[in-house]
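Below is one structure, written out as structure tokens; the observations come after it.
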Amino acid sequence: MGIYFYEGGILFNSGDIAFHEDCCCGDLLENCSFCSSGVAPKQLEATIAGVTNNTCTGCAAFNGTHVLDNVFQGGTWCQWCKLLAQVSCPSAHGLAIVASVFYDVPLDEYWLAARLTITTNPTSDCGSTYHSSLYRKSYGGSKPDCAVFSDEVLAYYAYTGQPPGCNIPSTITISTI
């Protein structure tokens with residue numbers, strides 16, 4: 001059994017040296033300066049339960065375990081997204097799950113955040129938002145170890161845009177695949 005290296009450096013799993021690539025991390029990407037190791041996984045897993053219809057129909061598509069693909073790294077955050085089924089809402093037509101790791105300068109905190117989004121463009125855009133329910137978990141002044149998120153529970157924080165079209169749960173869970 002040897003020590004697992006990634007891009008010339010020793011890879012750690014929860015503070016311990018990773019002795020095999022299968023012990024954690026899946027496929028890693030470079031250049032996520034918001035993660036303690038400087039790398040982030042290509043995919044995250046979001047587990048959601050308890051979403052029901054309110055003014056929109058089709059909200060149950062949020063329920064289940066979803067694989068989110070990395071869509072952006074650098075700038076102000078690292079981000080993962082999955083577009084889901086279409087939904088019937090006034091002025092909105094799709095659902096998306098978006099997760100991000102970022103640094104909040106005014107609060108001097110690192111965050112893992114997620115949003116359950118009702119989008120205006122259901123086929124190609126994780127960013128166009130009619131409504132988003134926001135969830136988050138703070139890591140204080142320390143960067144999170146993105147390579148080994150394990151059942152990270154994010155609490156509901158707030159919503160943006162129009163009032164929620166779906167009844168939403170109080171928490172969601174994020175893990176590294």
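By order in the structure tokens, chains are A, B, ...; within a chain, residues start at 1; ligands start at 1, following the order shown.
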* Spatial neighbours of segment 104-117 of chain A, max dist 8 Å, only C-alpha atoms, sep filter under 6 positions, as a PyMOL selection string -> chain A and resi 34+62+95-98+129-144+154
Can you spit out the residues from that selection as a CSV table (one decimal), in the first residue's frame, using N, CA and C atoms?
chain,number,residue,atom,x,y,z
A,34,PHE,N,-10.8,27.9,-3.1
A,34,PHE,CA,-11.6,28.0,-2.0
A,34,PHE,C,-11.6,26.7,-1.2
A,62,PHE,N,-37.0,17.4,-7.6
A,62,PHE,CA,-35.9,17.8,-6.7
A,62,PHE,C,-35.6,16.6,-5.7
A,95,LEU,N,-36.0,23.2,-13.5
A,95,LEU,CA,-35.5,23.0,-12.2
A,95,LEU,C,-34.0,22.8,-12.3
A,96,ALA,N,-33.2,23.3,-11.3
A,96,ALA,CA,-31.8,23.1,-11.3
A,96,ALA,C,-31.3,23.0,-9.8
A,97,ILE,N,-30.3,22.2,-9.6
A,97,ILE,CA,-29.6,22.2,-8.3
A,97,ILE,C,-28.2,22.7,-8.5
A,98,VAL,N,-27.8,23.7,-7.7
A,98,VAL,CA,-26.5,24.3,-7.9
A,98,VAL,C,-25.8,24.3,-6.5
A,129,THR,N,-32.5,32.6,-13.0
A,129,THR,CA,-33.2,32.3,-11.8
A,129,THR,C,-34.6,33.0,-11.7
A,130,TYR,N,-35.6,32.3,-11.5
A,130,TYR,CA,-36.9,32.9,-11.2
A,130,TYR,C,-37.1,32.9,-9.7
A,131,HIS,N,-36.6,31.8,-9.1
A,131,HIS,CA,-36.7,31.6,-7.7
A,131,HIS,C,-35.6,30.7,-7.2
A,132,SER,N,-34.9,31.0,-6.1
A,132,SER,CA,-33.9,30.0,-5.6
A,132,SER,C,-34.1,29.9,-4.1
A,133,SER,N,-34.1,28.7,-3.6
A,133,SER,CA,-34.1,28.5,-2.1
A,133,SER,C,-32.7,28.2,-1.7
A,134,LEU,N,-32.1,28.9,-0.8
A,134,LEU,CA,-30.7,28.9,-0.5
A,134,LEU,C,-30.4,28.1,0.8
A,135,TYR,N,-29.4,27.3,0.7
A,135,TYR,CA,-28.9,26.5,1.8
A,135,TYR,C,-27.4,26.7,2.0
A,136,ARG,N,-26.9,26.6,3.2
A,136,ARG,CA,-25.5,26.8,3.4
A,136,ARG,C,-25.0,26.2,4.7
A,137,LYS,N,-23.7,26.0,4.7
A,137,LYS,CA,-22.9,25.6,5.9
A,137,LYS,C,-21.6,26.3,5.9
A,138,SER,N,-21.3,26.9,7.1
A,138,SER,CA,-20.1,27.7,7.3
A,138,SER,C,-19.0,26.8,7.8
A,139,TYR,N,-17.8,27.1,7.3
A,139,TYR,CA,-16.5,26.5,7.7
A,139,TYR,C,-15.7,27.5,8.5
A,140,GLY,N,-16.3,28.7,8.8
A,140,GLY,CA,-15.5,29.7,9.5
A,140,GLY,C,-14.4,30.3,8.7
A,141,GLY,N,-13.3,30.6,9.3
A,141,GLY,CA,-12.2,31.1,8.5
A,141,GLY,C,-11.3,30.1,7.9
A,142,SER,N,-11.7,28.8,8.0
A,142,SER,CA,-10.9,27.7,7.4
A,142,SER,C,-11.5,27.2,6.1
A,143,LYS,N,-10.7,27.0,5.1
A,143,LYS,CA,-11.1,26.4,3.8
A,143,LYS,C,-11.6,25.0,4.0
A,144,PRO,N,-12.7,24.6,3.4
A,144,PRO,CA,-13.2,23.2,3.6
A,144,PRO,C,-12.3,22.3,2.7
A,154,LEU,N,-26.6,21.0,4.9
A,154,LEU,CA,-26.7,22.4,4.7
A,154,LEU,C,-28.1,22.8,5.2
* List the neighbours of Asn54 of chain A out to 9 Å using only C-alpha atoms; skip same-chain residues closer than 6 positions along the sequence, and give me the result as a ChimeraX atom specification. => /A:164-167
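When atom CA of Val87 of chain A is paired with atom CA of Phe72 of chain A, their separation reads 25.0 Å.
Across the structure, atom CA of Ser175 of chain A and atom CA of Tyr156 of chain A are spaced 16.9 Å apart.
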* Measuring atom to atom with only C-alpha atoms, identify which of A:Ser150, A:Thr120, A:Gln73, A:Gln86 is nearest to Val39 of chain A. => A:Gln73
* Rank A:Ala60, A:Ile118, A:Cys78, A:Ala155 by their smallest atom-to-atom distance to Val101 of chain A, using only C-alpha atoms, and report the top residue only. =>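 Ranked by minimum distance to Val101 of chain A, first place goes to A:Cys78.
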* Secondary structure check, strand (DSSP E) residues of segment 30-61 of chain A, as a PyMOL selection string -> chain A and resi 40-41+43-48+52-53
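Coordinates place atom CA of Lys82 of chain A at a distance of 22.2 Å from atom CA of Tyr103 of chain A.
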* Asked: A:Ile174, A:Cys81, A:Ile168, A:Cys59: which is nearest Glu152 of chain A, counting only C-alpha atoms?
  ->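 The answer is A:Ile174, which sits nearest to Glu152 of chain A.
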* Which is closest to Glu45 of chain A among A:Ala85, A:Ser170, A:Phe102, A:Gly64, if we use only C-alpha atoms? -> A:Gly64
